[in-house]
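Undergrad: What follows is the file upload-v7.cif, containing mmCIF, C-alpha atoms:
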data_query
loop_
_atom_site.label_atom_id
_atom_site.label_comp_id
_atom_site.auth_asym_id
_atom_site.auth_seq_id
_atom_site.Cartn_x
_atom_site.Cartn_y
_atom_site.Cartn_z
CA SER A 1 21.87 -9.04 -7.10
CA HIS A 2 19.66 -9.88 -4.10
CA THR A 3 17.06 -12.23 -5.56
CA GLN A 4 17.93 -14.70 -2.79
CA HIS A 5 17.13 -12.16 -0.05
CA LEU A 6 13.35 -12.17 -0.10
CA GLN A 7 13.08 -9.84 2.88
CA LEU A 8 15.02 -7.15 0.98
CA LEU A 9 12.69 -7.48 -1.98
CA SER A 10 9.73 -7.02 0.37
CA SER A 11 9.82 -3.26 0.13
CA TYR A 12 6.34 -2.74 -1.27
CA TRP A 13 4.90 -1.17 1.89
CA MET A 14 7.24 1.82 1.65
CA PRO A 15 5.48 3.48 -1.32
CA VAL A 16 2.13 2.80 0.33
CA ALA A 17 3.32 4.54 3.50
CA ILE A 18 4.59 7.57 1.58
CA ALA A 19 1.38 7.74 -0.45
CA ALA A 20 -0.59 7.67 2.81
CA LEU A 21 1.42 10.64 4.09
CA HIS A 22 0.58 12.63 0.96
CA LEU A 23 -3.08 11.69 1.31
CA PHE A 24 -2.98 12.81 4.93
CA LEU A 25 -1.42 16.10 3.87
CA ALA A 26 -4.24 16.63 1.37
CA SER A 27 -6.96 15.49 3.78
CA PRO A 28 -5.74 15.01 7.38
CA LYS A 29 -8.21 12.34 8.42
CA TRP A 30 -7.75 9.37 10.70
CA ARG A 31 -8.01 6.84 7.88
CA TRP A 32 -4.90 8.18 6.13
CA ALA A 33 -2.99 8.33 9.42
CA ALA A 34 -4.02 4.73 10.08
CA LEU A 35 -2.98 3.70 6.57
CA PHE A 36 0.46 5.20 7.09
CA ALA A 37 0.89 3.57 10.50
CA ALA A 38 -0.28 0.17 9.23
CA SER A 39 2.01 0.38 6.20
CA TRP A 40 4.96 1.34 8.38
CA LEU A 41 4.23 -1.59 10.70
CA MET A 42 3.88 -4.09 7.85
CA GLN A 43 7.12 -2.88 6.29
CA ALA A 44 8.92 -3.16 9.63
CA LEU A 45 7.69 -6.73 10.03
CA ALA A 46 8.70 -7.61 6.47
CA CYS A 47 12.31 -6.41 6.82
CA GLY A 48 14.17 -5.08 9.83
CA TYR A 49 16.38 -2.86 7.70
CA TYR A 50 13.38 -1.02 6.33
CA LEU A 51 12.03 -0.43 9.83
CA PHE A 52 14.89 2.03 10.28
CA PHE A 53 15.21 3.24 6.71
CA LEU A 54 11.51 4.02 6.23
CA SER A 55 11.46 5.79 9.59
CA ILE A 56 14.27 8.08 8.42
CA LEU A 57 12.40 8.88 5.22
CA ALA A 58 9.15 9.52 7.10
CA VAL A 59 10.87 11.93 9.51
CA LEU A 60 12.48 13.76 6.58
CA TRP A 61 9.10 13.88 4.83
CA LEU A 62 7.45 15.45 7.86
CA ALA A 63 10.26 17.97 8.23
CA TRP A 64 9.82 19.00 4.58
CA PHE A 65 6.06 18.93 4.03
CA ALA A 66 4.42 19.40 7.44
CA PRO A 67 5.55 22.90 8.55
CA GLY A 68 2.88 25.45 7.71
CA ARG A 69 0.59 22.78 6.25
CA LEU A 70 -0.35 20.57 9.19
CA SER A 71 -1.59 21.97 12.48
CA ILE A 72 -0.40 20.73 15.85
CA ARG A 73 -3.67 18.85 16.27
CA GLN A 74 -3.21 17.12 12.93
CA MET A 75 0.38 16.23 13.76
CA VAL A 76 -0.80 14.74 17.06
CA ARG A 77 -3.33 12.66 15.13
CA LEU A 78 -0.64 11.30 12.84
CA GLY A 79 1.77 10.78 15.74
CA THR A 80 -0.86 8.89 17.72
CA ALA A 81 -1.46 6.47 14.87
CA TRP A 82 2.28 5.97 14.44
CA ALA A 83 2.74 5.45 18.21
CA ILE A 84 0.11 2.70 18.18
CA ALA A 85 2.04 0.95 15.41
CA VAL A 86 5.27 1.30 17.39
CA ALA A 87 3.54 -0.20 20.45
CA ALA A 88 2.38 -3.15 18.36
CA LEU A 89 5.96 -3.73 17.23
CA ALA A 90 7.51 -3.21 20.68
CA PRO A 91 7.33 -6.88 21.84
CA VAL A 92 9.34 -7.94 18.79
CA LEU A 93 11.95 -5.22 19.32
CA LEU A 94 12.28 -5.93 23.05
CA GLY A 95 12.69 -9.64 22.40
CA TYR A 96 15.32 -8.92 19.76
CA ARG A 97 17.22 -6.67 22.16
CA SER A 98 17.13 -9.17 25.01
CA ILE A 99 18.49 -11.97 22.81
CA HIS A 100 21.30 -9.74 21.57
CA ALA A 101 22.16 -8.73 25.13
CA ALA A 102 22.08 -12.32 26.39
CA TYR A 103 24.50 -13.58 23.75
CA GLY A 104 26.57 -10.43 23.40
CA PHE A 105 25.85 -10.00 19.70
CA ARG A 106 27.51 -6.93 18.18
CA ARG A 107 28.44 -5.85 14.69
CA SER A 108 32.05 -5.03 14.01
CA PRO A 109 32.75 -1.58 12.51
CA VAL A 110 34.77 -3.45 9.87
CA GLU A 111 31.57 -5.11 8.65
CA LEU A 112 29.92 -1.71 8.17
CA VAL A 113 32.83 -0.63 5.99
CA ASN A 114 33.04 -3.86 4.00
CA TYR A 115 29.33 -3.97 3.25
CA SER A 116 28.92 -0.37 2.17
CA ALA A 117 28.28 0.64 -1.43
CA ASP A 118 31.10 1.91 -3.61
CA ILE A 119 30.75 5.26 -5.38
CA ALA A 120 31.68 3.48 -8.60
CA GLY A 121 28.71 1.17 -7.99
CA LEU A 122 26.52 3.66 -9.83
CA LEU A 123 28.13 2.14 -12.91
CA ALA A 124 27.84 -1.47 -11.76
CA ALA A 125 24.90 -3.71 -12.65
CA SER A 126 24.01 -7.23 -11.61
CA PRO A 127 25.37 -10.03 -13.82
CA ASP A 128 21.75 -11.19 -14.05
CA SER A 129 20.86 -8.06 -16.01
CA TRP A 130 20.21 -8.97 -19.64
CA LEU A 131 21.09 -5.53 -20.97
CA TRP A 132 23.60 -4.12 -18.48
CA SER A 133 25.46 -7.21 -17.21
CA GLY A 134 28.69 -5.92 -18.78
CA LEU A 135 28.58 -2.78 -16.66
CA GLN A 136 30.93 -3.63 -13.82
CA GLY A 137 32.23 -0.41 -12.26
CA ALA A 138 32.57 -2.15 -8.88
CA ASP A 139 33.10 -5.79 -7.93
CA ALA A 140 31.09 -6.25 -4.74
CA ALA A 141 27.48 -7.34 -5.02
CA GLU A 142 26.46 -4.66 -2.53
CA SER A 143 27.76 -2.04 -4.96
CA GLN A 144 25.67 -3.15 -7.94
CA ILE A 145 23.37 -0.13 -7.78
CA PHE A 146 23.19 1.05 -11.40
CA PRO A 147 19.71 2.66 -11.58
CA GLY A 148 19.20 2.23 -15.32
CA LEU A 149 19.34 4.65 -18.23
CA THR A 150 15.65 5.56 -18.47
CA ILE A 151 15.37 6.90 -14.95
CA VAL A 152 18.55 8.93 -15.40
CA VAL A 153 17.08 10.61 -18.48
CA LEU A 154 13.86 11.33 -16.60
CA LEU A 155 15.73 12.81 -13.66
CA VAL A 156 17.74 15.09 -15.91
CA ALA A 157 14.41 16.26 -17.32
CA GLY A 158 13.26 16.77 -13.74
CA LEU A 159 16.19 19.03 -12.97
CA VAL A 160 15.24 21.10 -15.99
CA LEU A 161 11.66 21.12 -14.75
CA CYS A 162 12.81 22.56 -11.42
CA ARG A 163 14.15 25.59 -13.30
CA VAL A 164 10.87 26.23 -15.11
CA PRO A 165 8.55 28.73 -13.38
CA GLY A 166 5.49 27.03 -11.96
CA LYS A 167 3.78 26.03 -8.77
CA ARG A 168 6.07 26.09 -5.78
CA GLU A 169 4.55 22.93 -4.30
CA THR A 170 5.27 20.83 -7.40
CA ARG A 171 8.89 21.89 -7.55
CA GLY A 172 9.25 21.40 -3.81
CA ALA A 173 7.97 17.82 -3.96
CA LEU A 174 10.27 16.97 -6.84
CA LEU A 175 13.25 18.49 -5.05
CA PHE A 176 12.42 16.51 -1.90
CA TYR A 177 12.42 13.14 -3.65
CA LEU A 178 15.52 13.90 -5.67
CA GLY A 179 17.26 15.20 -2.55
CA SER A 180 16.20 12.23 -0.42
CA ALA A 181 17.47 9.84 -3.11
CA VAL A 182 20.88 11.54 -3.08
CA LEU A 183 20.97 11.58 0.73
CA MET A 184 20.11 7.89 1.03
CA TRP A 185 22.76 7.05 -1.56
CA THR A 186 25.30 9.05 0.44
CA LEU A 187 24.35 7.09 3.57
CA ALA A 188 24.59 3.83 1.60
CA LEU A 189 28.29 4.59 1.07
CA GLY A 190 28.78 3.81 4.74
CA PRO A 191 31.07 5.38 7.34
CA VAL A 192 34.13 5.31 5.02
CA PRO A 193 33.10 6.11 1.43
CA LYS A 194 35.22 4.38 -1.22
CA LEU A 195 35.83 4.90 -4.91
CA SER A 196 36.81 1.71 -6.75
CA GLY A 197 37.73 0.13 -3.45
CA ALA A 198 39.92 2.97 -2.15
CA ALA A 199 38.81 5.26 0.67
CA ILE A 200 38.35 8.84 -0.49
CA GLY A 201 39.60 10.22 2.83
CA VAL A 202 36.32 11.88 3.83
CA PRO A 203 34.10 10.29 6.52
CA GLY A 204 30.57 9.51 5.44
CA PRO A 205 27.44 10.71 7.25
CA TYR A 206 26.60 7.10 8.10
CA ALA A 207 29.30 7.34 10.78
CA LEU A 208 26.95 9.67 12.67
CA LEU A 209 23.89 7.56 11.94
CA ALA A 210 25.65 4.49 13.36
CA GLN A 211 25.71 6.19 16.76
CA LEU A 212 21.93 5.86 17.03
CA PRO A 213 20.38 2.79 18.68
CA GLY A 214 19.82 0.01 16.18
CA PHE A 215 21.89 1.40 13.34
CA ASP A 216 25.12 0.02 14.82
CA SER A 217 23.59 -3.47 14.56
CA MET A 218 22.96 -3.30 10.82
CA ARG A 219 25.70 -4.93 8.80
CA VAL A 220 24.96 -3.59 5.31
CA PRO A 221 24.59 0.20 4.90
CA ALA A 222 24.42 -0.35 1.14
CA ARG A 223 20.82 -1.46 1.53
CA LEU A 224 19.84 2.16 2.02
CA TRP A 225 20.01 2.26 -1.76
CA MET A 226 16.52 0.75 -1.85
CA VAL A 227 15.17 3.96 -0.32
CA SER A 228 17.09 5.90 -2.97
CA VAL A 229 15.33 3.79 -5.59
CA LEU A 230 12.00 4.72 -4.01
CA GLY A 231 12.86 8.41 -4.20
CA LEU A 232 14.02 8.08 -7.81
CA ALA A 233 10.85 6.18 -8.75
CA VAL A 234 8.55 8.77 -7.19
CA ALA A 235 10.48 11.63 -8.82
CA ALA A 236 10.41 9.88 -12.20
CA ALA A 237 6.68 9.17 -11.95
CA PHE A 238 6.11 12.77 -11.00
CA ILE A 239 8.02 13.96 -14.07
CA VAL A 240 6.13 11.63 -16.40
CA ASP A 241 2.82 12.75 -14.97
CA LYS A 242 3.83 16.38 -15.30
CA HIS A 243 4.68 15.83 -18.95
CA GLN A 244 1.41 14.03 -19.68
CA ASP A 245 -0.86 16.62 -18.15
CA SER A 246 0.63 19.74 -16.64
CA ASN A 247 -2.80 20.89 -15.49
CA ARG A 248 -3.67 17.81 -13.48
CA LEU A 249 -0.88 17.68 -10.91
CA ASP A 250 -2.95 19.12 -8.09
CA VAL A 251 -3.41 15.89 -6.17
CA VAL A 252 -1.51 14.23 -3.36
CA PHE A 253 1.66 16.29 -3.79
CA LEU A 254 -0.33 19.46 -3.23
CA PRO A 255 -2.29 20.44 -0.13
CA GLN A 256 -5.30 21.95 -1.93
CA GLY A 257 -7.45 18.86 -1.59
CA PRO A 258 -7.66 15.07 -1.83
CA CYS A 259 -7.41 13.07 -5.06
CA ARG A 260 -10.10 14.40 -7.35
CA ARG A 261 -9.44 12.18 -10.35
CA ARG A 262 -9.37 8.50 -9.50
CA ARG A 263 -9.29 6.90 -12.94
CA ASN A 264 -5.75 5.78 -12.11
CA LEU A 265 -4.91 6.00 -8.40
CA ALA A 266 -1.26 4.99 -8.84
CA ARG A 267 -0.76 7.78 -11.34
CA ASP A 268 -2.70 10.26 -9.19
CA MET A 269 -0.30 9.62 -6.34
CA ALA A 270 2.72 10.00 -8.65
CA LEU A 271 3.91 6.61 -7.53
CA PRO A 272 5.02 3.65 -9.64
CA PRO A 273 2.16 1.16 -10.17
#
Let's see the structure in the file written out as structure tokens.

TA:
Amino acid sequence: SHTQHLQLLSSYWMPVAIAALHLFLASPKWRWAALFAASWLMQALACGYYLFFLSILAVLWLAWFAPGRLSIRQMVRLGTAWAIAVAALAPVLLGYRSIHAAYGFRRSPVELVNYSADIAGLLAASPDSWLWSGLQGADAAESQIFPGLTIVVLLVAGLVLCRVPGKRETRGALLFYLGSAVLMWTLALGPVPKLSGAAIGVPGPYALLAQLPGFDSMRVPARLWMVSVLGLAVAAAFIVDKHQDSNRLDVVFLPQGPCRRRRNLARDMALPP
């Protein structure tokens, strides 16, 4: 439903940034820190929304994976690379802020509510969809977030996989991406979550997020769904890879060492090609 918004389709640096974080976790070298920082910067330049959304995901990733696995020195290395990227972006951000201040630009809270996703949007697809165009659980274009049937089946299989005894790291990674997808979807519902257009009477967590600098200037919380799609895609790829070769998932998601089998790098990183 957003083929006309090229900047929203320019989300391809997000999986590269997350892959770089996993590579840094496996082998905490400067080149992986630099790859993450460069990917974050390129994504921020491609779309202002994803500057904030990818930053949230990266902070959550560090909170989940870094404790007990990365030393303070390694975290400083990653933070230094990220700080350099932030410094490179600073002139753009400062110019943006000064223009907003000069003209008094502000987003109305009503806009945040109107451009949030609807809970029923999980059963709403774009009219451009050849197969699912008849699925219209919600009317607004921002609520057309039906993820597709295949990924739902894979995720159900993933939930079953989480119950199967195995390596703690593999289950932990799968839980992180499933959990982050659910969290980002919850944030996409905006400050006043609605079901079929009616408020459910419970404030959404985006109301807290909107108190942070920058987030109150974003008109469309529903676009956080793109980060949910990223989480779903990584989780689905992880499940497929686990099914294909249960003995080979010791790369990128796990801290034992760097990618050892490079015949298919996209598959090794458990990311969609």

Undergrad: When you look at A:Trp61 with a cut-off of 12 Å (counting all atoms listed in the file), what residues show up, excluding the ones that are within fewer than 6 positions of it in the same chain? I need them as a PyMOL selection string.

TA: chain A and resi 17-22+25+54-55+67+172-173+175-177+179-180+231+253

Undergrad: Would you write out, as a PyMOL selection string, every residue that the PyMOL selection byres ((chain A and resi 136-149) around 12) captures in this file?

TA: chain A and resi 1-3+112-129+131-135+150-156+181+185+188-190+193-198+219-233+236

Undergrad: What gap, in Å, lies between atom CA of A:Ser39 and atom CA of A:Ala207?

TA: 28.5 Å

Undergrad: If you measure from atom CA of A:Lys29 to atom CA of A:Gln43, what distance in Å do you get, rounded to one decimal?

TA: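 Between these atoms lies a distance of 21.7 Å.
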
Undergrad: Could you list the residues chosen by the PyMOL selection byres ((chain A and resi 78-85) around 8) in this structure as a CSV table (one decimal) with C-alpha atoms, in the coordinates of the input?

TA:
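File produced: result15.csv:
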chain,number,residue,atom,x,y,z
A,30,TRP,CA,-7.8,9.4,10.7
A,33,ALA,CA,-3.0,8.3,9.4
A,34,ALA,CA,-4.0,4.7,10.1
A,36,PHE,CA,0.5,5.2,7.1
A,37,ALA,CA,0.9,3.6,10.5
A,38,ALA,CA,-0.3,0.2,9.2
A,40,TRP,CA,5.0,1.3,8.4
A,41,LEU,CA,4.2,-1.6,10.7
A,74,GLN,CA,-3.2,17.1,12.9
A,75,MET,CA,0.4,16.2,13.8
A,76,VAL,CA,-0.8,14.7,17.1
A,77,ARG,CA,-3.3,12.7,15.1
A,86,VAL,CA,5.3,1.3,17.4
A,87,ALA,CA,3.5,-0.2,20.4
A,88,ALA,CA,2.4,-3.2,18.4
A,89,LEU,CA,6.0,-3.7,17.2

Undergrad: Work out how far apart atom CA of A:Leu57 and atom CA of A:Ile239 are and give it in Å to one decimal.

TA: 20.4 Å

Undergrad: Can you work out which one of A:Leu94, A:Leu8, A:Arg107, A:Leu178 has the shortest atom-to-atom distance to A:Gly48, counting only C-alpha atoms?

TA: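 Closest residue, counting only C-alpha atoms: A:Leu8.
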
Undergrad: Identify which of the residues A:Val234, A:Val92, A:Val202, A:Ala210 lies closest to A:Val16, counting all atoms listed in the file when measuring atom-to-atom distances.

TA: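 Of A:Val234, A:Val92, A:Val202, A:Ala210, the one nearest A:Val16 is A:Val234, counting all atoms listed in the file.
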
Undergrad: Can you translate the PyMOL selection byres ((chain A and resi 203) around 7) into the concrete residues it hits in this file, as a tab-separated table (two decimals) with C-alpha atoms, in the frame of the given file?

TA:
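Contents of out.tsv, as written:
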chain	number	residue	atom	x	y	z
A	191	PRO	CA	31.07	5.38	7.34
A	192	VAL	CA	34.13	5.31	5.02
A	193	PRO	CA	33.10	6.11	1.43
A	201	GLY	CA	39.60	10.22	2.83
A	202	VAL	CA	36.32	11.88	3.83
A	204	GLY	CA	30.57	9.51	5.44
A	205	PRO	CA	27.44	10.71	7.25

Undergrad: Would you please work out which residue, of A:Asp216, A:Phe105, A:Tyr50, A:Gln211, is nearest to A:Pro15 when using only C-alpha atoms?

TA: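 Closest to A:Pro15 of all the choices is A:Tyr50.
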